$ cat protein_24.txt   # compact mmCIF, C-alpha atoms and all ligand atoms
# COMPACT_ATOMS: atom_id res chain seq x y z
CA PRO P 10 -220.84 28.13 -27.99
CA HIS P 11 -217.57 29.91 -27.69
CA ARG P 12 -215.04 28.75 -25.15
CA ASP P 13 -214.37 32.32 -23.97
CA ILE P 14 -217.97 33.20 -23.32
CA TRP P 15 -219.64 30.37 -21.51
CA TYR P 16 -218.86 29.28 -18.00
CA ASN P 17 -220.04 25.71 -17.90
CA CYS P 18 -221.18 23.36 -15.22
CA GLU P 19 -221.27 19.64 -15.79
CA GLN P 20 -223.38 17.19 -13.79
CA HIS P 21 -223.18 13.95 -15.74
CA VAL P 22 -219.73 12.47 -16.15
CA HIS P 23 -218.55 9.11 -14.83
CA LEU P 24 -214.92 9.37 -13.72
CA GLU P 25 -214.52 5.73 -14.76
CA GLY P 26 -215.78 6.78 -18.18
CA CYS P 27 -212.70 9.02 -18.49
CA LEU P 28 -210.39 6.00 -18.75
CA VAL P 29 -208.92 7.02 -22.10
CA PRO P 30 -206.96 4.37 -24.03
CA GLU P 31 -203.58 5.97 -23.19
CA LEU P 32 -204.27 5.81 -19.44
CA LEU P 33 -205.81 2.33 -19.65
CA PHE P 34 -202.65 0.92 -21.23
CA ALA P 35 -200.32 2.94 -18.97
CA LEU P 36 -202.06 1.66 -15.83
CA ALA P 37 -202.10 -1.92 -17.14
CA LEU P 38 -198.32 -1.66 -17.46
CA ARG P 39 -197.85 0.10 -14.11
CA ASN P 40 -199.95 -2.46 -12.24
CA ASN P 41 -198.98 -5.56 -14.19
CA VAL P 42 -202.54 -6.23 -15.30
CA ASN P 43 -203.20 -8.42 -18.31
CA LEU P 44 -206.07 -7.12 -20.40
CA PRO P 45 -208.13 -9.89 -22.07
CA SER P 46 -206.48 -11.09 -25.26
CA THR P 47 -209.39 -13.15 -26.59
CA ASP P 48 -210.94 -10.68 -29.04
CA GLY P 49 -207.82 -8.72 -30.01
CA LEU P 50 -209.39 -5.52 -28.75
CA TYR P 51 -206.55 -4.62 -26.41
CA THR P 52 -203.63 -5.20 -28.79
CA SER P 53 -202.44 -1.59 -28.73
CA VAL P 54 -203.57 1.93 -27.84
CA ALA P 55 -204.01 2.60 -31.55
CA SER P 56 -206.16 -0.46 -32.30
CA TYR P 57 -208.27 -0.02 -29.17
CA SER P 58 -208.77 3.71 -29.95
CA ALA P 59 -209.69 2.86 -33.53
CA TYR P 60 -212.32 0.43 -32.29
CA LEU P 61 -213.83 2.98 -29.89
CA SER P 62 -214.07 5.61 -32.60
CA ARG P 63 -216.28 3.41 -34.80
CA ASN P 64 -219.93 4.53 -35.00
CA ASP P 65 -220.97 0.90 -34.50
CA ALA P 66 -218.62 0.19 -31.55
CA PHE P 67 -221.61 -0.45 -29.26
CA GLN P 68 -225.04 -1.69 -30.25
CA ASP P 69 -226.56 -0.71 -26.90
CA LEU P 70 -225.87 0.32 -23.29
CA ASP P 71 -224.98 -3.19 -22.14
CA ALA P 72 -222.44 -3.66 -24.94
CA PHE P 73 -220.70 -0.49 -23.76
CA LEU P 74 -220.92 -1.42 -20.07
CA SER P 75 -219.19 -4.72 -20.76
CA LEU P 76 -216.09 -2.86 -22.04
CA TYR P 77 -216.37 -0.20 -19.33
CA TYR P 78 -216.25 -2.80 -16.52
CA THR P 79 -213.48 -4.80 -18.21
CA GLY P 80 -211.24 -1.73 -18.39
CA LEU P 81 -211.65 -1.00 -14.69
CA SER P 82 -209.38 -3.92 -13.77
CA VAL P 83 -206.36 -1.61 -14.25
CA LEU P 84 -207.47 0.72 -11.43
CA GLN P 85 -205.86 -0.37 -8.19
CA THR P 86 -204.01 2.29 -6.21
CA GLN P 87 -205.00 5.65 -4.82
CA GLN P 88 -202.70 7.27 -7.40
CA ASP P 89 -204.58 5.48 -10.21
CA TYR P 90 -207.87 7.02 -9.08
CA HIS P 91 -206.23 10.42 -8.77
CA ASP P 92 -204.74 10.17 -12.28
CA LEU P 93 -208.06 9.05 -13.74
CA ALA P 94 -209.97 11.99 -12.29
CA MET P 95 -207.27 14.41 -13.46
CA VAL P 96 -207.82 13.28 -17.07
CA TYR P 97 -211.32 14.63 -16.67
CA PHE P 98 -210.48 17.82 -14.77
CA ARG P 99 -207.68 18.85 -17.16
CA GLN P 100 -209.95 18.58 -20.20
CA ALA P 101 -212.84 20.18 -18.31
CA ALA P 102 -210.64 23.20 -17.57
CA GLN P 103 -209.82 23.50 -21.30
CA ASP P 104 -213.54 23.38 -22.05
CA ASN P 105 -214.23 26.22 -19.57
CA VAL P 106 -215.97 24.07 -16.96
CA ARG P 107 -216.03 25.94 -13.66
CA HIS P 108 -218.03 23.47 -11.58
CA ALA P 109 -218.33 19.71 -12.07
CA GLU P 110 -220.42 17.11 -10.26
CA VAL P 111 -218.82 13.79 -11.04
CA PHE P 112 -220.05 10.21 -10.65
CA PHE P 113 -218.12 7.22 -9.45
CA ASP P 114 -219.13 3.57 -9.00
CA PRO P 115 -217.63 2.28 -5.73
CA GLN P 116 -219.15 -1.19 -6.17
CA ALA P 117 -217.26 -1.68 -9.45
CA HIS P 118 -214.01 -1.45 -7.45
CA THR P 119 -214.77 -2.91 -4.03
CA SER P 120 -216.05 -6.06 -5.82
CA ARG P 121 -212.49 -6.47 -7.19
CA GLY P 122 -210.93 -6.04 -3.75
CA VAL P 123 -210.07 -2.32 -3.89
CA ALA P 124 -210.83 -0.60 -0.58
CA TYR P 125 -213.51 2.09 -0.52
CA GLU P 126 -211.00 4.38 1.25
CA THR P 127 -208.47 4.00 -1.60
CA ILE P 128 -211.02 5.05 -4.22
CA LEU P 129 -212.31 7.99 -2.23
CA ALA P 130 -208.86 9.27 -1.25
CA GLY P 131 -207.69 9.25 -4.89
CA PHE P 132 -210.77 11.04 -6.17
CA LYS P 133 -210.80 13.54 -3.31
CA SER P 134 -207.18 14.56 -3.84
CA ALA P 135 -207.93 15.12 -7.53
CA CYS P 136 -210.90 17.33 -6.60
CA THR P 137 -208.59 19.37 -4.36
CA GLU P 138 -206.00 19.68 -7.13
CA ALA P 139 -208.71 20.72 -9.60
CA GLN P 140 -209.78 23.47 -7.23
CA THR P 141 -206.26 24.77 -6.46
CA HIS P 142 -204.64 24.45 -9.88
CA LEU P 143 -207.55 24.68 -12.31
CA GLY P 144 -210.12 26.76 -10.43
CA ILE P 145 -212.78 24.05 -10.84
CA SER P 146 -215.08 23.39 -7.90
CA SER P 147 -216.50 19.90 -7.76
CA LYS P 148 -218.81 17.46 -6.01
CA LEU P 149 -218.53 13.68 -5.89
CA ILE P 150 -221.68 11.60 -6.43
CA MET P 151 -221.56 7.89 -5.58
CA CYS P 152 -223.66 5.74 -7.87
CA PHE P 153 -225.14 2.34 -7.11
CA LEU P 154 -225.06 -0.32 -9.81
CA ARG P 155 -228.54 -1.45 -10.84
CA HIS P 156 -227.35 -4.94 -11.83
CA VAL P 157 -226.03 -5.61 -8.30
CA PRO P 158 -228.54 -6.59 -5.55
CA ALA P 159 -229.97 -3.65 -3.62
CA ALA P 160 -228.66 -5.05 -0.33
CA ASP P 161 -225.12 -4.35 -1.54
CA ALA P 162 -226.11 -0.75 -2.32
CA ILE P 163 -227.37 -0.37 1.25
CA GLU P 164 -224.14 -1.83 2.60
CA HIS P 165 -222.11 0.66 0.55
CA TYR P 166 -224.39 3.48 1.69
CA TYR P 167 -223.54 2.73 5.31
CA THR P 168 -219.80 2.50 4.50
CA ALA P 169 -219.96 5.92 2.85
CA ARG P 170 -222.46 7.47 5.27
CA PRO P 171 -219.89 9.51 7.27
CA ASP P 172 -218.60 10.99 3.99
CA LEU P 173 -222.14 11.65 2.78
CA LEU P 174 -222.97 13.42 6.04
CA ASN P 175 -219.78 15.52 6.15
CA GLY P 176 -220.09 16.53 2.50
CA SER P 177 -217.04 14.66 1.16
CA ILE P 178 -219.59 12.98 -1.10
CA ALA P 179 -222.47 15.24 -2.17
CA GLY P 180 -225.09 12.71 -3.09
CA ILE P 181 -226.13 9.38 -4.56
CA GLY P 182 -226.98 8.23 -8.08
CA LEU P 183 -228.06 5.06 -9.86
CA ASP P 184 -226.47 3.71 -13.04
CA SER P 185 -225.56 0.60 -15.08
CA SER P 186 -228.08 -1.54 -17.04
CA GLU P 187 -231.45 0.14 -17.20
CA LYS P 188 -233.45 -2.69 -18.77
CA GLY P 189 -234.67 -5.20 -16.19
CA TYR P 190 -233.58 -3.16 -13.15
CA PRO P 191 -236.39 -0.72 -12.32
CA PRO P 192 -236.00 2.15 -9.82
CA GLU P 193 -238.34 0.42 -7.34
CA LEU P 194 -235.56 -2.05 -6.47
CA PHE P 195 -233.61 0.79 -4.84
CA GLN P 196 -236.34 2.46 -2.79
CA GLY P 197 -234.68 1.36 0.45
CA VAL P 198 -231.35 3.08 -0.10
CA TYR P 199 -232.99 6.22 -1.52
CA ALA P 200 -235.24 6.40 1.56
CA LEU P 201 -232.11 6.36 3.75
CA ALA P 202 -230.62 9.20 1.71
CA LEU P 203 -233.84 11.23 1.91
CA LYS P 204 -233.89 10.83 5.69
CA ASP P 205 -230.22 11.89 5.91
CA GLU P 206 -230.92 14.87 3.60
CA VAL P 207 -228.39 13.49 1.14
CA ARG P 208 -228.83 14.69 -2.48
CA ARG P 209 -230.36 12.21 -4.92
CA THR P 210 -230.26 11.68 -8.66
CA ALA P 211 -230.70 8.62 -10.92
CA HIS P 212 -230.17 7.55 -14.51
CA ALA P 213 -233.63 7.16 -16.06
CA GLY P 214 -235.07 7.29 -19.55
CA GLU P 215 -231.79 6.49 -21.28
CA GLU P 216 -232.90 3.25 -22.99
CA VAL P 217 -236.27 2.75 -21.32
CA GLY P 218 -239.48 4.78 -21.67
CA PRO P 219 -240.68 7.67 -19.51
CA HIS P 220 -242.36 5.44 -16.90
CA VAL P 221 -238.96 4.86 -15.25
CA VAL P 222 -238.57 8.62 -14.93
CA VAL P 223 -241.96 8.80 -13.20
CA SER P 224 -240.96 5.97 -10.81
CA SER P 225 -237.62 7.64 -10.10
CA LEU P 226 -239.43 10.83 -9.10
CA ASP P 227 -242.21 9.14 -7.12
CA LYS P 228 -240.38 6.20 -5.55
CA LEU P 229 -236.78 7.44 -5.24
CA HIS P 230 -237.54 11.14 -4.66
CA VAL P 231 -234.75 12.19 -6.98
CA GLU P 232 -233.91 15.86 -7.48
CA ARG P 233 -232.49 15.43 -10.98
CA ILE P 234 -232.89 12.98 -13.86
CA ASP P 235 -229.79 11.71 -15.65
CA HIS P 236 -230.38 11.30 -19.42
CA GLY P 237 -234.20 11.67 -19.50
CA ARG P 238 -234.06 11.33 -23.27
CA THR P 239 -237.46 9.60 -23.47
CA ILE P 240 -239.38 12.13 -21.31
CA PRO P 241 -241.29 13.79 -24.21
CA GLN P 242 -243.04 10.46 -24.92
CA ASP P 243 -245.22 11.33 -21.89
CA LEU P 244 -246.62 14.84 -22.24
CA GLU P 245 -247.93 14.95 -18.69
CA LEU P 246 -244.42 14.08 -17.45
CA LEU P 247 -242.92 16.73 -19.74
CA SER P 248 -245.04 19.45 -18.17
CA ARG P 249 -244.44 18.03 -14.69
CA MET P 250 -240.65 18.32 -15.21
CA ALA P 251 -241.09 21.98 -16.15
CA ARG P 252 -243.56 22.67 -13.31
CA GLU P 253 -241.38 21.05 -10.64
CA GLY P 254 -238.15 22.52 -12.05
CA ILE P 255 -236.37 19.17 -12.13
CA MET P 256 -233.21 19.34 -14.20
CA VAL P 257 -232.38 16.73 -16.85
CA THR P 258 -228.71 16.01 -17.57
CA LEU P 259 -228.64 15.25 -21.29
CA CYS P 260 -225.68 13.42 -22.85
CA PRO P 261 -225.94 13.83 -26.64
CA LEU P 262 -222.87 11.94 -27.91
CA SER P 263 -223.61 9.12 -25.47
CA ASN P 264 -227.15 8.63 -26.77
CA LEU P 265 -225.83 8.65 -30.33
CA LYS P 266 -223.01 6.18 -29.67
CA LEU P 267 -225.28 3.75 -27.77
CA GLN P 268 -227.84 3.88 -30.62
CA GLY P 269 -230.56 5.57 -28.53
CA VAL P 270 -230.94 8.09 -31.37
CA LYS P 271 -229.91 7.91 -35.03
CA SER P 272 -228.87 11.56 -35.10
CA ILE P 273 -228.43 14.38 -32.59
CA ASP P 274 -231.45 16.29 -33.93
CA GLN P 275 -233.68 13.53 -32.50
CA LEU P 276 -232.80 14.62 -28.97
CA PRO P 277 -235.35 16.71 -27.08
CA VAL P 278 -233.25 19.89 -26.97
CA ARG P 279 -235.77 22.13 -28.73
CA VAL P 280 -238.66 20.32 -27.01
CA PHE P 281 -237.18 21.00 -23.56
CA LEU P 282 -236.39 24.65 -24.38
CA ASP P 283 -239.96 25.21 -25.63
CA ALA P 284 -241.55 23.35 -22.70
CA GLY P 285 -239.39 25.15 -20.12
CA VAL P 286 -237.73 21.95 -18.90
CA LYS P 287 -234.35 22.71 -17.34
CA PHE P 288 -231.45 20.71 -18.74
CA SER P 289 -227.70 20.65 -18.99
CA ILE P 290 -225.46 19.14 -21.67
CA ASN P 291 -222.85 16.63 -20.55
CA CYS P 292 -220.30 14.07 -21.72
CA ASP P 293 -221.21 10.91 -19.70
CA ASP P 294 -218.24 8.65 -20.62
CA PRO P 295 -215.97 10.81 -22.76
CA ALA P 296 -213.26 8.16 -23.26
CA TYR P 297 -215.82 5.96 -25.00
CA PHE P 298 -218.29 8.31 -26.70
CA GLY P 299 -216.03 10.57 -28.73
CA GLY P 300 -215.83 13.79 -26.79
CA PHE P 301 -215.89 15.90 -23.66
CA ILE P 302 -218.42 18.61 -22.79
CA LEU P 303 -217.48 21.14 -25.47
CA ASP P 304 -217.74 18.48 -28.19
CA ASN P 305 -221.27 17.79 -26.92
CA TYR P 306 -222.11 21.52 -26.99
CA CYS P 307 -220.84 21.69 -30.57
CA VAL P 308 -222.88 18.77 -31.93
CA VAL P 309 -225.99 20.24 -30.29
CA GLN P 310 -225.27 23.59 -31.92
CA GLU P 311 -224.81 21.96 -35.33
CA ALA P 312 -228.07 20.04 -35.00
CA PHE P 313 -230.27 22.77 -33.50
CA ASN P 314 -228.69 26.07 -34.55
CA LEU P 315 -229.45 27.59 -31.15
CA THR P 316 -229.39 31.31 -30.42
CA ALA P 317 -227.22 33.01 -27.83
CA GLU P 318 -230.38 33.36 -25.71
CA ASP P 319 -231.02 29.58 -25.92
CA TRP P 320 -227.48 28.94 -24.70
CA ARG P 321 -227.87 31.48 -21.92
CA GLN P 322 -230.97 29.56 -20.80
CA ILE P 323 -229.13 26.21 -20.91
CA CYS P 324 -226.08 27.49 -19.01
CA LYS P 325 -228.25 29.25 -16.41
CA ALA P 326 -230.26 26.07 -15.78
CA SER P 327 -227.04 24.11 -15.46
CA ILE P 328 -225.76 26.48 -12.77
CA GLU P 329 -229.07 26.62 -10.91
CA GLY P 330 -229.47 22.84 -11.05
CA SER P 331 -226.03 22.29 -9.52
CA TRP P 332 -225.61 21.20 -5.93
CA CYS P 333 -223.08 23.88 -4.97
CA ASP P 334 -224.10 26.54 -2.47
CA GLY P 335 -225.72 29.86 -3.37
CA THR P 336 -222.49 31.82 -2.99
CA ARG P 337 -220.69 29.64 -5.52
CA LYS P 338 -223.69 29.74 -7.87
CA ARG P 339 -223.62 33.55 -7.86
CA THR P 340 -219.96 33.54 -8.93
CA LEU P 341 -220.87 31.23 -11.84
CA LEU P 342 -223.87 33.18 -13.11
N1 LIG P 401 -222.33 3.83 -16.28
C1 LIG P 401 -221.45 4.56 -16.96
N2 LIG P 401 -222.04 5.19 -17.97
C2 LIG P 401 -223.35 4.85 -17.94
C3 LIG P 401 -224.48 5.18 -18.71
N3 LIG P 401 -224.42 5.99 -19.78
N4 LIG P 401 -225.66 4.63 -18.37
C4 LIG P 401 -225.75 3.80 -17.35
N5 LIG P 401 -224.72 3.46 -16.59
C5 LIG P 401 -223.53 3.99 -16.87
ZN ZN P 402 -224.26 8.20 -17.21
$ encode --input "protein_24.txt" --output "structure tokens" --more "lines below"
Ligand code: ADE
Ligand code: ZN
Amino acid sequence: PHRDIWYNCEQHVHLEGCLVPELLFALALRNNVNLPSTDGLYTSVASYSAYLSRNDAFQDLDAFLSLYYTGLSVLQTQQDYHDLAMVYFRQAAQDNVRHAEVFFDPQAHTSRGVAYETILAGFKSACTEAQTHLGISSKLIMCFLRHVPAADAIEHYYTARPDLLNGSIAGIGLDSSEKGYPPELFQGVYALALKDEVRRTAHAGEEVGPHVVVSSLDKLHVERIDHGRTIPQDLELLSRMAREGIMVTLCPLSNLKLQGVKSIDQLPVRVFLDAGVKFSINCDDPAYFGGFILDNYCVVQEAFNLTAEDWRQICKASIEGSWCDGTRKRTLL
């Protein structure tokens, strides 16, 4: 991929996952937050960065999530949320992203006493700035945390419902620990979204087998699958994904860093291209996994040696699978 040729869309990036070491330490200082001193991890930007860059920094998803949630303690004011999102949008602009659909985890902040309105206002103003100054259109997607009881997700759905109905938030997602928290637990909140015609996606098949992808489709009525790495283990599901045109948002460096695959060539890139499964390539949590979208494109290219036609197919699917309107899609194609 060449940065002058491809107009990218991204659909799988957690704004909280853009908390790069420099911003983490700057916000800790600004807000007078003490980062845990127990394990020596947060001694300095340099030592923390060095830890994150290790191939063995995380042995699985939960090991990563533990650090991800710890870091969030520095996010407190509307300006903090704005600054966080701008880390993403500035790099996305450099990587030629023209449209981004970005996740955030309201429950990870309201549980610490930050108001929902503070979070949303900070992220929304960043989206506006990204549009005016960087030419990036964007959509916000609120995710529910699987490890938190479903009743809390429903409560947050009702808090956000006016914003979901007026389009300030484009849709809902489901993230956090996959093992032990099956999609079925969240049928209630997804049924509300379906009834409200609110867009729906969910993380599935990141660490767990393809059956969670099937349940996400059948029980949550999702329109996209986030990760979907394990889909090819079920050939009937693989052909169903192609038949129903459901897009998978792959995150190569994420799967590598969280030990889901030993090398990038184990990802189903060629399998999806051959089976006609639509997918995009995304960065997930770039502050933790060693790169933004273009870095992910590059490792895929190194592993699969794709042709220009393959890339055209990937980029086209990524535009068509976006949740922007037809007019915007035509300007991206
Ligand atoms: N939250 C942030 N990143 C995540 C990931 N890769 N999987 C599940 N939950 C997440
Ligand atoms: Zn994710």
$ closest_atom_pairs --input "protein_24.txt" --of "chain P" --to "ligand LIG 401 (chain P)" --cutoff "7 Å" --atoms "all atoms listed in the file" --output "JSON lines"
{"residue": "P:His23", "atom": "CA", "partner": "P:LIG401", "partner_atom": "C1", "distance": 5.8}
{"residue": "P:Gly26", "atom": "CA", "partner": "P:LIG401", "partner_atom": "C1", "distance": 6.2}
{"residue": "P:Leu70", "atom": "CA", "partner": "P:LIG401", "partner_atom": "N4", "distance": 6.5}
{"residue": "P:Leu74", "atom": "CA", "partner": "P:LIG401", "partner_atom": "N1", "distance": 6.6}
{"residue": "P:Asp184", "atom": "CA", "partner": "P:LIG401", "partner_atom": "N5", "distance": 4.0}
{"residue": "P:Ser185", "atom": "CA", "partner": "P:LIG401", "partner_atom": "N5", "distance": 3.3}
{"residue": "P:Ser186", "atom": "CA", "partner": "P:LIG401", "partner_atom": "C4", "distance": 5.8}
{"residue": "P:Glu187", "atom": "CA", "partner": "P:LIG401", "partner_atom": "C4", "distance": 6.8}
{"residue": "P:His212", "atom": "CA", "partner": "P:LIG401", "partner_atom": "C4", "distance": 6.5}
{"residue": "P:Ser263", "atom": "CA", "partner": "P:LIG401", "partner_atom": "N3", "distance": 6.5}
{"residue": "P:Asp293", "atom": "CA", "partner": "P:LIG401", "partner_atom": "N3", "distance": 5.9}
{"residue": "P:Asp294", "atom": "CA", "partner": "P:LIG401", "partner_atom": "N2", "distance": 5.8}
$ closest_atom_pairs --input "protein_24.txt" --of "chain P" --to "ligand ZN 402 (chain P)" --cutoff "12 Å" --atoms "all atoms listed in the file" --output "Markdown table"
| residue | atom | partner | partner_atom | distance |
| --- | --- | --- | --- | --- |
| P:Glu19 | CA | P:ZN402 | ZN | 11.9 |
| P:Gln20 | CA | P:ZN402 | ZN | 9.7 |
| P:His21 | CA | P:ZN402 | ZN | 6.0 |
| P:Val22 | CA | P:ZN402 | ZN | 6.3 |
| P:His23 | CA | P:ZN402 | ZN | 6.3 |
| P:Leu24 | CA | P:ZN402 | ZN | 10.0 |
| P:Glu25 | CA | P:ZN402 | ZN | 10.3 |
| P:Gly26 | CA | P:ZN402 | ZN | 8.7 |
| P:Cys27 | CA | P:ZN402 | ZN | 11.7 |
| P:Leu70 | CA | P:ZN402 | ZN | 10.1 |
| P:Phe73 | CA | P:ZN402 | ZN | 11.4 |
| P:Leu74 | CA | P:ZN402 | ZN | 10.6 |
| P:Tyr77 | CA | P:ZN402 | ZN | 11.7 |
| P:Glu110 | CA | P:ZN402 | ZN | 11.9 |
| P:Val111 | CA | P:ZN402 | ZN | 9.9 |
| P:Phe112 | CA | P:ZN402 | ZN | 8.0 |
| P:Phe113 | CA | P:ZN402 | ZN | 9.9 |
| P:Asp114 | CA | P:ZN402 | ZN | 10.7 |
| P:Ile150 | CA | P:ZN402 | ZN | 11.6 |
| P:Met151 | CA | P:ZN402 | ZN | 11.9 |
| P:Cys152 | CA | P:ZN402 | ZN | 9.7 |
| P:Phe153 | CA | P:ZN402 | ZN | 11.7 |
| P:Leu154 | CA | P:ZN402 | ZN | 11.3 |
| P:Gly182 | CA | P:ZN402 | ZN | 9.5 |
| P:Leu183 | CA | P:ZN402 | ZN | 8.8 |
| P:Asp184 | CA | P:ZN402 | ZN | 6.5 |
| P:Ser185 | CA | P:ZN402 | ZN | 8.0 |
| P:Ser186 | CA | P:ZN402 | ZN | 10.5 |
| P:Glu187 | CA | P:ZN402 | ZN | 10.8 |
| P:Thr210 | CA | P:ZN402 | ZN | 11.0 |
| P:Ala211 | CA | P:ZN402 | ZN | 9.0 |
| P:His212 | CA | P:ZN402 | ZN | 6.5 |
| P:Ala213 | CA | P:ZN402 | ZN | 9.5 |
| P:Gly214 | CA | P:ZN402 | ZN | 11.1 |
| P:Glu215 | CA | P:ZN402 | ZN | 8.7 |
| P:Glu216 | CA | P:ZN402 | ZN | 11.5 |
| P:Ile234 | CA | P:ZN402 | ZN | 10.4 |
| P:Asp235 | CA | P:ZN402 | ZN | 6.7 |
| P:His236 | CA | P:ZN402 | ZN | 7.2 |
| P:Gly237 | CA | P:ZN402 | ZN | 10.8 |
| P:Arg238 | CA | P:ZN402 | ZN | 11.9 |
| P:Val257 | CA | P:ZN402 | ZN | 11.8 |
| P:Thr258 | CA | P:ZN402 | ZN | 9.0 |
| P:Leu259 | CA | P:ZN402 | ZN | 9.2 |
| P:Cys260 | CA | P:ZN402 | ZN | 7.8 |
| P:Pro261 | CA | P:ZN402 | ZN | 11.1 |
| P:Leu262 | CA | P:ZN402 | ZN | 11.4 |
| P:Ser263 | CA | P:ZN402 | ZN | 8.3 |
| P:Asn264 | CA | P:ZN402 | ZN | 10.0 |
| P:Leu267 | CA | P:ZN402 | ZN | 11.5 |
| P:Ile290 | CA | P:ZN402 | ZN | 11.9 |
| P:Asn291 | CA | P:ZN402 | ZN | 9.2 |
| P:Cys292 | CA | P:ZN402 | ZN | 8.4 |
| P:Asp293 | CA | P:ZN402 | ZN | 4.8 |
| P:Asp294 | CA | P:ZN402 | ZN | 6.9 |
| P:Pro295 | CA | P:ZN402 | ZN | 10.3 |
| P:Tyr297 | CA | P:ZN402 | ZN | 11.7 |
| P:Phe298 | CA | P:ZN402 | ZN | 11.2 |
$ residues_around --input "protein_24.txt" --residues "Arg63 in chain P" --least-positions-apart "5" --cutoff "10 Å" --atoms "only C-alpha atoms" --output "list in words"
Ser58, Lys266, Phe298 and Gly299 of chain P
$ residues_around --input "protein_24.txt" --residues "range 89-102 of chain P" --least-positions-apart "5" --cutoff "10 Å" --atoms "all atoms listed in the file" --output "ChimeraX atom specification"
/P:17-19,22-29,32-33,36,39-40,83-84,107-109,111,113,127-136,138-140,142-147,294-296,301-303
$ residues_around --input "protein_24.txt" --residues "Ser53 in chain P" --least-positions-apart "3" --cutoff "9 Å" --atoms "all atoms listed in the file" --output "number ranges by chain"
P: 30, 34, 50, 56-58
$ residues_near_point --input "protein_24.txt" --point "(-235.1, 25.4, -17.6)" --cutoff "12 Å" --atoms "all atoms listed in the file" --output "count of residues only"
35
$ atom_distance --input "protein_24.txt" --atom1 "CA of His230 in chain P" --atom2 "CA of Gly180 in chain P"
12.6 Å
$ residues_around --input "protein_24.txt" --residues "Ile163 in chain P" --least-positions-apart "4" --cutoff "10 Å" --atoms "only C-alpha atoms" --output "list in words"
Phe153, Pro158, Ala159, Tyr167, Thr168, Ala169, Phe195, Gly197, Val198, Tyr199 and Leu201 of chain P
$ write_last_selection --input "protein_24.txt" --atoms "C-alpha atoms" --output "PDB file, keeping the file's coordinate frame"
ATOM      1  CA  PHE P 153    -225.140   2.340  -7.110  1.00  0.00           C
ATOM      2  CA  PRO P 158    -228.540  -6.590  -5.550  1.00  0.00           C
ATOM      3  CA  ALA P 159    -229.970  -3.650  -3.620  1.00  0.00           C
ATOM      4  CA  TYR P 167    -223.540   2.730   5.310  1.00  0.00           C
ATOM      5  CA  THR P 168    -219.800   2.500   4.500  1.00  0.00           C
ATOM      6  CA  ALA P 169    -219.960   5.920   2.850  1.00  0.00           C
ATOM      7  CA  PHE P 195    -233.610   0.790  -4.840  1.00  0.00           C
ATOM      8  CA  GLY P 197    -234.680   1.360   0.450  1.00  0.00           C
ATOM      9  CA  VAL P 198    -231.350   3.080  -0.100  1.00  0.00           C
ATOM     10  CA  TYR P 199    -232.990   6.220  -1.520  1.00  0.00           C
ATOM     11  CA  LEU P 201    -232.110   6.360   3.750  1.00  0.00           C
TER      12      LEU P 201
END
$ atom_distance --input "protein_24.txt" --atom1 "CA of Gln196 in chain P" --atom2 "CA of His118 in chain P"
23.1 Å
$ residues_near_point --input "protein_24.txt" --point "(-233.2, 11.5, 0.4)" --cutoff "8 Å" --atoms "all atoms listed in the file" --output "short mmCIF file (atom, residue, chain, number, x, y, z; two decimals) with C-alpha atoms, in the frame of the given file"
data_model
loop_
_atom_site.label_atom_id
_atom_site.label_comp_id
_atom_site.auth_asym_id
_atom_site.auth_seq_id
_atom_site.Cartn_x
_atom_site.Cartn_y
_atom_site.Cartn_z
CA TYR P 199 -232.99 6.22 -1.52
CA ALA P 200 -235.24 6.40 1.56
CA LEU P 201 -232.11 6.36 3.75
CA ALA P 202 -230.62 9.20 1.71
CA LEU P 203 -233.84 11.23 1.91
CA LYS P 204 -233.89 10.83 5.69
CA ASP P 205 -230.22 11.89 5.91
CA GLU P 206 -230.92 14.87 3.60
CA VAL P 207 -228.39 13.49 1.14
CA ARG P 208 -228.83 14.69 -2.48
CA ARG P 209 -230.36 12.21 -4.92
CA LEU P 229 -236.78 7.44 -5.24
CA HIS P 230 -237.54 11.14 -4.66
CA VAL P 231 -234.75 12.19 -6.98
#
$ atom_distance --input "protein_24.txt" --atom1 "CA of Lys188 in chain P" --atom2 "CA of Val217 in chain P"
6.6 Å
$ closest_residue --input "protein_24.txt" --among "P:Leu315, P:Gln275, P:Thr79, P:Ser62" --to "Ser46 in chain P" --atoms "only C-alpha atoms"
P:Thr79
$ closest_residue --input "protein_24.txt" --among "P:Glu232, P:Glu126, P:Glu193, P:Asp71" --to "Pro171 in chain P" --atoms "only C-alpha atoms"
P:Glu126
$ closest_residue --input "protein_24.txt" --among "P:Val223, P:Val42, P:Gln268, P:Leu246" --to "Ala72 in chain P" --atoms "only C-alpha atoms"
P:Gln268
$ axis_aligned_box --input "protein_24.txt" --around "range 301-308 of chain P" --padding-each-side "8 Å" --output "AutoDock Vina command-line options"
--center_x -219.4 --center_y 18.8 --center_z -27.4 --size_x 23.0 --size_y 21.8 --size_z 25.1
$ residues_around --input "protein_24.txt" --residues "Glu311 in chain P" --least-positions-apart "2" --cutoff "12 Å" --atoms "only C-alpha atoms" --output "list in words"
Pro10, Pro261, Ser272, Ile273, Asp274, Asp304, Asn305, Tyr306, Cys307, Val308, Val309, Phe313, Asn314, Leu315 and Thr316 of chain P
